[in-house]
Every structure is written in structure tokens, then in C-alpha cells.
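**Q** To be precise about what I am sending: the file is called run.cif and holds mmCIF, C-alpha atoms.
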```
data_start
loop_
_atom_site.label_atom_id
_atom_site.label_comp_id
_atom_site.auth_asym_id
_atom_site.auth_seq_id
_atom_site.Cartn_x
_atom_site.Cartn_y
_atom_site.Cartn_z
CA MET A 810 0.42 19.45 -7.36
CA SER A 811 1.86 16.25 -5.91
CA LEU A 812 1.92 15.49 -2.23
CA LEU A 813 4.12 12.43 -2.76
CA SER A 814 6.33 11.79 -5.77
CA LEU A 815 8.57 8.76 -6.29
CA GLN A 816 11.12 9.20 -9.05
CA ASP A 817 13.05 6.15 -10.28
CA LEU A 818 13.20 4.66 -6.78
CA THR A 819 15.51 1.65 -6.73
CA VAL A 820 16.12 -0.34 -3.55
CA THR A 821 18.83 -2.98 -3.27
CA LEU A 822 19.36 -5.16 -0.20
CA ASP A 823 22.83 -6.40 0.72
CA THR A 824 22.40 -10.06 1.67
CA PRO A 825 24.77 -12.99 2.31
CA GLU A 826 23.80 -14.30 -1.14
CA GLY A 827 24.71 -10.99 -2.77
CA PRO A 828 22.76 -7.84 -3.72
CA ALA A 829 19.01 -8.26 -4.21
CA THR A 830 17.07 -5.63 -6.16
CA VAL A 831 13.61 -5.42 -4.59
CA LEU A 832 12.48 -2.16 -6.26
CA ASP A 833 13.58 -1.15 -9.73
CA ARG A 834 12.93 2.41 -10.96
CA VAL A 835 9.52 2.80 -9.34
CA SER A 836 7.87 6.14 -10.12
CA PHE A 837 4.45 7.57 -9.34
CA ASP A 838 2.74 10.71 -8.04
CA LEU A 839 0.02 11.04 -5.43
CA ALA A 840 -1.91 14.29 -5.00
CA PRO A 841 -3.65 15.55 -1.83
CA GLY A 842 -6.99 13.81 -1.41
CA GLU A 843 -6.21 11.18 -4.05
CA SER A 844 -6.58 7.44 -3.45
CA LEU A 845 -4.01 5.11 -5.02
CA GLY A 846 -4.21 1.32 -5.01
CA ILE A 847 -1.04 -0.76 -5.36
CA VAL A 848 -1.70 -4.37 -6.32
CA GLY A 849 0.38 -7.42 -7.13
CA GLU A 850 1.45 -10.84 -5.89
CA SER A 851 3.41 -11.35 -2.70
CA GLY A 852 7.04 -10.41 -3.29
CA CYS A 853 6.30 -7.79 -5.96
CA GLY A 854 7.52 -4.82 -3.91
CA LYS A 855 4.26 -3.34 -2.61
CA SER A 856 5.15 -3.31 1.08
CA MET A 857 8.77 -2.40 0.34
CA THR A 858 7.50 0.71 -1.43
CA ALA A 859 5.50 1.68 1.64
CA LEU A 860 8.45 1.05 3.97
CA ALA A 861 10.66 3.20 1.75
CA VAL A 862 8.19 6.09 2.03
CA MET A 863 8.03 5.64 5.81
CA GLY A 864 11.81 5.50 6.12
CA LEU A 865 11.58 2.02 7.66
CA LEU A 866 13.70 0.04 5.22
CA PRO A 867 16.16 -2.50 6.66
CA ALA A 868 19.62 -1.23 7.55
CA ALA A 869 21.03 -3.30 4.66
CA ALA A 870 18.99 -1.36 2.09
CA ARG A 871 20.62 0.96 -0.43
CA CYS A 872 18.39 3.48 -2.23
CA ARG A 873 18.68 5.45 -5.45
CA GLY A 874 16.23 7.95 -6.89
CA ARG A 875 13.98 10.33 -4.96
CA ILE A 876 11.00 10.22 -2.62
CA ASP A 877 9.63 13.76 -2.51
CA PHE A 878 7.02 14.45 0.16
CA GLU A 879 5.78 17.99 0.67
CA ASP A 880 8.74 19.28 -1.38
CA GLN A 881 11.50 17.50 0.54
CA ASP A 882 13.39 14.36 -0.45
CA LEU A 883 12.78 11.81 2.30
CA LEU A 884 15.91 9.89 1.33
CA THR A 885 18.07 12.83 2.44
CA LEU A 886 16.52 13.16 5.92
CA ASP A 887 18.12 11.84 9.09
CA GLU A 888 16.28 9.66 11.58
CA ARG A 889 15.29 12.59 13.79
CA ALA A 890 13.61 14.38 10.88
CA LEU A 891 11.86 11.18 9.78
CA CYS A 892 10.54 10.61 13.31
CA ALA A 893 9.01 14.08 13.20
CA LEU A 894 7.13 13.11 10.01
CA ARG A 895 6.03 9.57 10.95
CA GLY A 896 2.66 9.66 12.62
CA ARG A 897 2.38 13.41 12.12
CA ARG A 898 2.35 13.92 8.33
CA ILE A 899 2.64 10.29 7.17
CA ALA A 900 0.85 7.48 8.98
CA MET A 901 0.65 3.77 8.29
CA VAL A 902 -1.84 1.01 9.04
CA PHE A 903 -0.02 -2.33 9.06
CA GLN A 904 -1.56 -5.61 7.94
CA GLU A 905 -1.18 -7.40 11.29
CA PRO A 906 -2.48 -5.23 14.14
CA MET A 907 -1.25 -7.52 16.90
CA THR A 908 2.36 -6.89 15.87
CA ALA A 909 1.71 -3.16 15.37
CA LEU A 910 0.38 -2.71 18.92
CA ASN A 911 2.35 -2.89 22.17
CA PRO A 912 0.89 -5.82 24.14
CA VAL A 913 1.74 -4.30 27.54
CA LYS A 914 0.23 -0.85 26.92
CA THR A 915 -3.49 -0.02 26.99
CA ILE A 916 -5.20 1.02 23.76
CA GLY A 917 -5.97 4.45 25.19
CA PHE A 918 -2.31 5.05 26.02
CA GLN A 919 -1.20 3.97 22.55
CA VAL A 920 -3.66 6.23 20.73
CA ALA A 921 -2.73 9.17 22.97
CA GLU A 922 1.01 8.60 22.65
CA GLY A 923 1.34 10.21 19.21
CA LEU A 924 -0.61 13.27 20.36
CA ARG A 925 1.72 13.75 23.30
CA TRP A 926 4.83 13.18 21.20
CA HIS A 927 3.98 15.38 18.20
CA PHE A 928 1.81 18.09 19.79
CA GLY A 929 3.22 18.17 23.32
CA LEU A 930 -0.23 17.69 24.85
CA GLY A 931 -0.64 16.95 28.54
CA ARG A 932 -1.80 13.51 29.61
CA GLY A 933 -5.38 14.54 30.31
CA GLU A 934 -5.94 16.36 27.00
CA ALA A 935 -4.27 13.60 24.99
CA GLU A 936 -6.40 10.92 26.65
CA ALA A 937 -9.57 12.96 26.03
CA ARG A 938 -8.72 13.18 22.33
CA ALA A 939 -7.90 9.48 22.30
CA LEU A 940 -11.41 8.69 23.55
CA LYS A 941 -12.91 10.72 20.68
CA LEU A 942 -10.70 8.92 18.17
CA LEU A 943 -11.67 5.49 19.50
CA ASP A 944 -15.32 6.50 19.26
CA ARG A 945 -14.73 7.73 15.69
CA VAL A 946 -13.41 4.33 14.61
CA GLY A 947 -16.29 2.44 16.21
CA LEU A 948 -14.91 1.64 19.68
CA PRO A 949 -17.06 3.84 21.92
CA GLN A 950 -17.27 3.85 25.69
CA PRO A 951 -18.44 2.23 27.88
CA ARG A 952 -18.34 -0.94 25.81
CA PHE A 953 -14.70 -0.39 24.85
CA SER A 954 -12.70 1.04 27.72
CA PRO A 955 -9.43 2.83 26.88
CA ASP A 956 -7.91 0.67 29.63
CA LEU A 957 -8.28 -2.49 27.55
CA TYR A 958 -5.18 -4.26 26.27
CA PRO A 959 -4.79 -5.45 22.64
CA HIS A 960 -5.23 -9.13 23.55
CA GLN A 961 -8.69 -8.32 24.92
CA LEU A 962 -9.94 -7.25 21.49
CA SER A 963 -10.76 -9.13 18.29
CA GLY A 964 -8.64 -8.76 15.15
CA GLY A 965 -11.03 -6.26 13.61
CA GLN A 966 -11.20 -4.22 16.82
CA ARG A 967 -7.40 -4.15 17.08
CA GLN A 968 -7.22 -2.90 13.50
CA ARG A 969 -9.60 -0.09 14.45
CA VAL A 970 -7.21 0.90 17.25
CA VAL A 971 -4.34 1.00 14.74
CA ILE A 972 -6.45 3.21 12.46
CA ALA A 973 -7.22 5.53 15.40
CA MET A 974 -3.48 5.79 16.10
CA ALA A 975 -2.82 6.59 12.43
CA LEU A 976 -5.50 9.30 12.35
CA ALA A 977 -4.57 10.87 15.68
CA CYS A 978 -2.41 13.66 14.27
CA ASP A 979 -4.46 14.25 11.10
CA PRO A 980 -1.76 13.13 8.62
CA ALA A 981 -1.55 14.28 5.03
CA LEU A 982 -0.87 10.73 3.80
CA LEU A 983 -2.34 7.47 5.09
CA ILE A 984 -0.66 4.25 3.98
CA ALA A 985 -2.76 1.11 4.49
CA ASP A 986 -0.65 -2.01 3.90
CA GLU A 987 -3.07 -4.90 3.34
CA PRO A 988 -5.14 -3.77 6.35
CA THR A 989 -7.72 -6.56 6.02
CA THR A 990 -5.53 -9.60 5.33
CA ALA A 991 -5.99 -11.28 8.73
CA LEU A 992 -9.70 -10.46 9.10
CA ASP A 993 -12.94 -12.26 8.30
CA VAL A 994 -15.06 -11.08 5.38
CA THR A 995 -17.42 -8.95 7.50
CA SER A 996 -14.58 -7.24 9.34
CA GLN A 997 -12.77 -6.65 6.03
CA ALA A 998 -15.74 -4.76 4.63
CA GLU A 999 -16.11 -2.71 7.83
CA ILE A 1000 -12.42 -1.74 7.94
CA LEU A 1001 -12.35 -0.73 4.26
CA ALA A 1002 -15.53 1.31 4.72
CA LEU A 1003 -13.97 3.00 7.75
CA ILE A 1004 -10.80 3.90 5.85
CA ALA A 1005 -12.89 5.29 2.97
CA GLU A 1006 -15.02 7.31 5.41
CA VAL A 1007 -12.12 8.93 7.25
CA THR A 1008 -10.30 9.90 4.05
CA ALA A 1009 -13.37 11.07 2.09
CA GLY A 1010 -14.09 14.75 2.09
CA SER A 1011 -10.61 15.66 3.34
CA LYS A 1012 -7.30 16.34 1.66
CA MET A 1013 -5.80 13.21 3.19
CA ALA A 1014 -4.22 11.06 0.50
CA LEU A 1015 -4.58 7.28 0.67
CA MET A 1016 -2.10 4.66 -0.51
CA LEU A 1017 -3.88 1.29 -0.28
CA ILE A 1018 -1.69 -1.78 -0.73
CA THR A 1019 -3.37 -5.10 -1.44
CA HIS A 1020 -3.14 -8.34 -3.42
CA ASP A 1021 -6.92 -8.17 -4.04
CA LEU A 1022 -8.03 -6.49 -7.29
CA ALA A 1023 -11.59 -6.21 -5.99
CA VAL A 1024 -10.39 -4.03 -3.10
CA VAL A 1025 -8.65 -1.71 -5.57
CA TRP A 1026 -11.69 -1.64 -7.87
CA GLN A 1027 -14.03 -0.65 -5.04
CA ASN A 1028 -11.85 1.73 -3.03
CA THR A 1029 -9.36 3.68 -5.17
CA ALA A 1030 -9.43 6.21 -7.99
CA ALA A 1031 -5.99 5.37 -9.39
CA MET A 1032 -3.88 2.22 -9.32
CA LEU A 1033 -0.46 0.69 -9.92
CA VAL A 1034 0.10 -2.93 -10.85
CA MET A 1035 3.50 -4.03 -9.54
CA TYR A 1036 5.53 -7.05 -10.56
CA ALA A 1037 9.01 -8.06 -9.34
CA GLY A 1038 9.71 -4.59 -7.99
CA THR A 1039 8.62 -2.76 -11.15
CA VAL A 1040 5.47 -0.92 -12.22
CA ALA A 1041 3.79 -3.02 -14.92
CA GLU A 1042 0.72 -0.84 -15.47
CA ARG A 1043 -0.64 2.40 -14.06
CA GLY A 1044 -3.60 4.70 -14.53
CA ALA A 1045 -7.07 5.63 -13.37
CA THR A 1046 -8.65 2.55 -11.81
CA ALA A 1047 -11.64 2.52 -14.16
CA GLU A 1048 -9.36 2.93 -17.18
CA VAL A 1049 -6.98 0.15 -16.16
CA PHE A 1050 -9.86 -2.26 -15.50
CA ALA A 1051 -11.47 -1.35 -18.82
CA ARG A 1052 -8.32 -2.13 -20.83
CA MET A 1053 -6.18 -4.51 -18.70
CA ALA A 1054 -3.35 -3.91 -21.15
CA HIS A 1055 -0.51 -5.79 -19.44
CA PRO A 1056 -0.62 -9.60 -19.63
CA TYR A 1057 0.22 -9.74 -15.91
CA THR A 1058 -2.73 -7.50 -15.04
CA ARG A 1059 -5.02 -9.82 -17.03
CA GLY A 1060 -3.53 -12.81 -15.27
CA LEU A 1061 -4.31 -11.27 -11.88
CA LEU A 1062 -7.86 -10.52 -12.98
CA ALA A 1063 -8.44 -14.04 -14.28
CA ALA A 1064 -7.19 -15.47 -10.98
CA SER A 1065 -9.39 -13.21 -8.80
CA PRO A 1066 -12.34 -14.90 -7.07
CA GLY A 1067 -15.62 -13.09 -6.37
CA ALA A 1068 -16.45 -9.40 -6.03
CA LEU A 1069 -15.65 -8.62 -9.69
CA GLU A 1070 -18.91 -9.74 -11.29
CA ASP A 1071 -19.24 -6.33 -12.93
CA ILE A 1072 -16.19 -7.19 -15.03
CA LEU A 1073 -16.05 -10.96 -15.28
CA PRO A 1074 -18.90 -13.45 -15.81
CA ALA A 1075 -20.19 -15.43 -12.85
CA GLY A 1076 -19.42 -19.14 -12.73
CA ARG A 1077 -16.11 -18.82 -14.59
CA ARG A 1078 -13.14 -21.05 -13.78
CA LEU A 1079 -10.27 -19.35 -12.00
CA ALA A 1080 -7.05 -19.23 -13.98
CA THR A 1081 -3.50 -19.45 -12.67
CA ILE A 1082 -0.33 -17.66 -13.67
CA PRO A 1083 2.35 -20.32 -14.26
CA GLY A 1084 5.72 -20.01 -12.57
CA GLN A 1085 6.64 -17.60 -9.82
CA VAL A 1086 8.04 -14.12 -9.21
CA PRO A 1087 11.76 -14.13 -10.12
CA ASP A 1088 14.35 -14.21 -7.36
CA PRO A 1089 15.55 -10.63 -6.67
CA HIS A 1090 19.11 -12.00 -6.58
CA ASP A 1091 18.77 -13.20 -10.17
CA ARG A 1092 16.55 -10.81 -12.10
CA PRO A 1093 16.05 -11.47 -15.84
CA GLN A 1094 17.94 -9.17 -18.15
CA GLY A 1095 14.88 -8.29 -20.21
CA CYS A 1096 11.22 -8.11 -19.23
CA VAL A 1097 10.89 -9.52 -15.70
CA PHE A 1098 7.53 -11.11 -16.62
CA ALA A 1099 8.77 -12.78 -19.80
CA GLY A 1100 9.21 -16.22 -18.22
CA ARG A 1101 5.51 -16.34 -17.27
CA CYS A 1102 3.98 -14.34 -20.10
CA PRO A 1103 1.68 -15.91 -22.75
CA ARG A 1104 2.57 -13.11 -25.21
CA VAL A 1105 6.37 -13.29 -24.87
CA ALA A 1106 8.40 -12.69 -28.04
CA ASP A 1107 12.08 -12.53 -28.90
CA ASP A 1108 12.22 -8.76 -28.46
CA CYS A 1109 11.09 -9.09 -24.82
CA LEU A 1110 14.34 -10.77 -23.76
CA PRO A 1111 17.26 -8.41 -24.49
CA CYS A 1112 16.29 -5.42 -22.32
CA PRO A 1113 13.47 -4.24 -20.01
CA PRO A 1114 10.52 -2.58 -21.80
CA GLY A 1115 10.01 1.11 -21.33
CA GLU A 1116 6.68 2.55 -20.29
CA ARG A 1117 4.22 3.07 -23.14
CA LEU A 1118 1.39 5.61 -22.91
CA LEU A 1119 -1.85 4.08 -24.22
CA VAL A 1120 -4.10 7.05 -23.50
CA PRO A 1121 -3.48 10.10 -21.33
CA GLY A 1122 -3.08 8.88 -17.75
CA HIS A 1123 -2.78 5.17 -18.61
CA ALA A 1124 0.62 3.60 -19.23
CA VAL A 1125 1.95 0.06 -19.51
CA ALA A 1126 5.48 -1.38 -19.43
CA CYS A 1127 5.07 -4.00 -22.15
CA LEU A 1128 6.18 -4.39 -25.77
CA HIS A 1129 3.10 -6.45 -26.68
CA PRO A 1130 0.18 -5.18 -24.58
CA HIS A 1131 -3.46 -6.09 -25.10
CA GLU A 1132 -5.14 -3.36 -27.11
CA GLY A 1133 -8.82 -3.14 -27.86
CA GLU A 1134 -9.54 -6.56 -26.38
CA THR A 1135 -12.14 -6.94 -23.66
CA PRO A 1136 -10.82 -8.75 -20.54
CA SER A 1137 -12.36 -12.20 -20.19
#
```
Can you give me the file's structure in the form of C-alpha cells?

**A**
Amino acid sequence: MSLLSLQDLTVTLDTPEGPATVLDRVSFDLAPGESLGIVGESGCGKSMTALAVMGLLPAAARCRGRIDFEDQDLLTLDERALCALRGRRIAMVFQEPMTALNPVKTIGFQVAEGLRWHFGLGRGEAEARALKLLDRVGLPQPRFSPDLYPHQLSGGQRQRVVIAMALACDPALLIADEPTTALDVTSQAEILALIAEVTAGSKMALMLITHDLAVVWQNTAAMLVMYAGTVAERGATAEVFARMAHPYTRGLLAASPGALEDILPAGRRLATIPGQVPDPHDRPQGCVFAGRCPRVADDCLPCPPGERLLVPGHAVACLHPHEGETPS
């Protein structure tokens, strides 16, 4: 049974330069308690997918398809209904905590705010629960007073506050959009461990968005590889890493530094993917990766490739995928 199901989600932005397609027929399912990693370069549609689920797309966005969450299509809901879901059933951890937090409100107030809004709790009860949540994410009293302001905390500590806010109402789905991008290596590991801890053993589903394959490898059970607003490859994380069927997925792997020694040999030279993600105003008619692909052929150019099932649960959108070749 799916908690979240995207079906052919297409998002087009109306811009002064004309329509820009930022998501093109994106589909996936996420079950309760499942962890899904979404990986790809900047501009591939990862964050736009998360914003679509949250109902936070720009006003200029036009959507087609469906986003079913707990058996209702989120694209049909009005703003009032979406506000009732945000923070209560769906919560999000943004990549830059300083912009996600209100600089003139204390951290205790901000963690308690969702409890008061969604559950109608009184100030005292909400603040008491906020203290427990701050302690749960590693910001215990008396060292970390709920009366502190965001600017009085480090980047990693601010991200913990954002996580406490996201967990306050015990959501069914937690979306973490590159939650460690602005942090040092030690803080990154601590935040990822915290997210894994709070979602483990519960039915809370996790959608983890990152540009780092190592983060996906270490923290998710299933994964999507996105490119130019499309899903290039999908499947169980272990299966996708074992096969790396799409040339783009292999390109990402070859360009990934560190933390993947179990897959790639130490001391290797990092590769690069030539070119750049196509402009959403001028998408190629055929395969969107064709202009950068080392395996491109004439049949890649006329029309986009359909998804091809390699083994049950592992699919790739490529006419000439790698098959039976060990990633190197």
C-alpha cells in the first residue's frame, strides 16, 4: 500500500522567456516506513518534486498528473486543506536552516508553534512538548535554552531545530531536501544519523533528496536517479548500485569522491560528465541525456525512451543501458 504516489507528474513554469518544463512525467510510489533517496545534479528536478508534494510550487507553475497522499490527490486541494496537511502529515527539512527559521522568534516558540496550530494545545503544554523534542534532537537543557534565537546557534544546531519542528506533529512523511549541504563533515554525519534514528522503527516514510550518491547508499532502501526533470533510473538502492544501468547514473558514480570505497577502488581519478543539464525552455526532442551520453545512438534522438524493466523492481529509461557490466 502506498502512502505517497506520483503519477506522471509534469510541472511547467510560465516565465518571460516562455514555458519551462521542470518536471516531465515523474512517477514513483513510497510506502509507510520506506526510505527513498532522490539523487541528481543541481537543476534535475529533485527539490521541485519535493515542493510539488508540499504544495509550495511557485504561483506560475502549472501541474498535470496526480500526487496521491493518503488516498487524496494533493493537486486538487485548496490552500486551507494543504495547510492542514503541512507540518501535520507531511513535514519538510530544508537545506538551509537559517532561511527556514524565523530570526526574530525563539527556537522554543518555533518548535511549539506547529503543536499549537495543529493540535490546539495551550502555550504551556506546547512548550513542554517542545522541550522534549529539542532534547530528542540533541539540544537538551540547560545548555540549549528554548529562549535562544537561531543566530545564537551553529549551522548543525539550527538544522536540529528544524528537524524538531518537522517531527513535532509525528508526520507520516518526512521530506529532507539536502539537509546537510551547508554543514561540515562531522555535522553532516550527525544530522543524517539523527534522521535515520527518528524514522527507524516507525511507519514514518522518508524522502531524502541529495546530490551525493554516498548519502543515498548509506541511508535509503530505494532510490530514484533524476535528470532534467525525468526519472532516469529507479529501484532498490542495492540493486541500482550493483547494476548502474543508466549511463548518467554511472557518470554520477564516477564523479563521486570518497565514501564509496565499497563500490569503487581507492585512489581512482574522478571523472566528469561533459556538458550541462539542458535548459528547461529548450528540452531535446528525444532522450534528454543524449547530448552528454557516451552511448548515444541514432535511435536516441527522435523520441524520449520509455522505462525498461531490467529485473523486478529495477527500471531504467534508456535504449542502450549497461547490462552485466560492473561499474568502474

**Q** Mind dumping a table of every region 983-1068 of chain A residue within 12 Å of region 816-823 of chain A, with the nearest atom pair and its distance in Å to one decimal, using all atoms listed in the file, sorted by chain and rising number, as a tab-separated table?

**A**
```
residue	atom	partner	partner_atom	distance
A:Ala1037	CA	A:Thr819	CA	12.0
A:Gly1038	CA	A:Thr819	CA	8.6
A:Thr1039	CA	A:Thr819	CA	9.3
A:Val1040	CA	A:Asp817	CA	10.5
```

**Q** With distances taken over only C-alpha atoms, which of A:Val831, A:Cys978, A:Ala991, A:Ala973 is nearest to Leu1003 (chain A)?

**A**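 Between A:Val831, A:Cys978, A:Ala991, A:Ala973, the residue approaching Leu1003 (chain A) most closely is A:Ala973.
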
**Q** Can you work out the spacing between CA of Ala939 (chain A) and CA of Phe903 (chain A) in Å, to one decimal?

**A** 19.4 Å

**Q** To one decimal in Å, tell me the separation between CA of Val848 (chain A) and CA of Val971 (chain A).

**A** 21.9 Å

**Q** Have a look at A:Glu905, A:Gln881, A:Phe837, A:Arg938 and name the one nearest to Phe918 (chain A); count only C-alpha atoms.

**A**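 So, comparing all the options, the nearest one is A:Arg938.
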
**Q** Leaving out region 864-875 of chain A and any residue of its chain fewer than 6 positions from it, which residues lie within 10 Å of it when counting all atoms listed in the file, given as an NGL selection string?

**A** :A and (814-824 or 828-836 or 857-858 or 881-888 or 891-892 or 894-895)
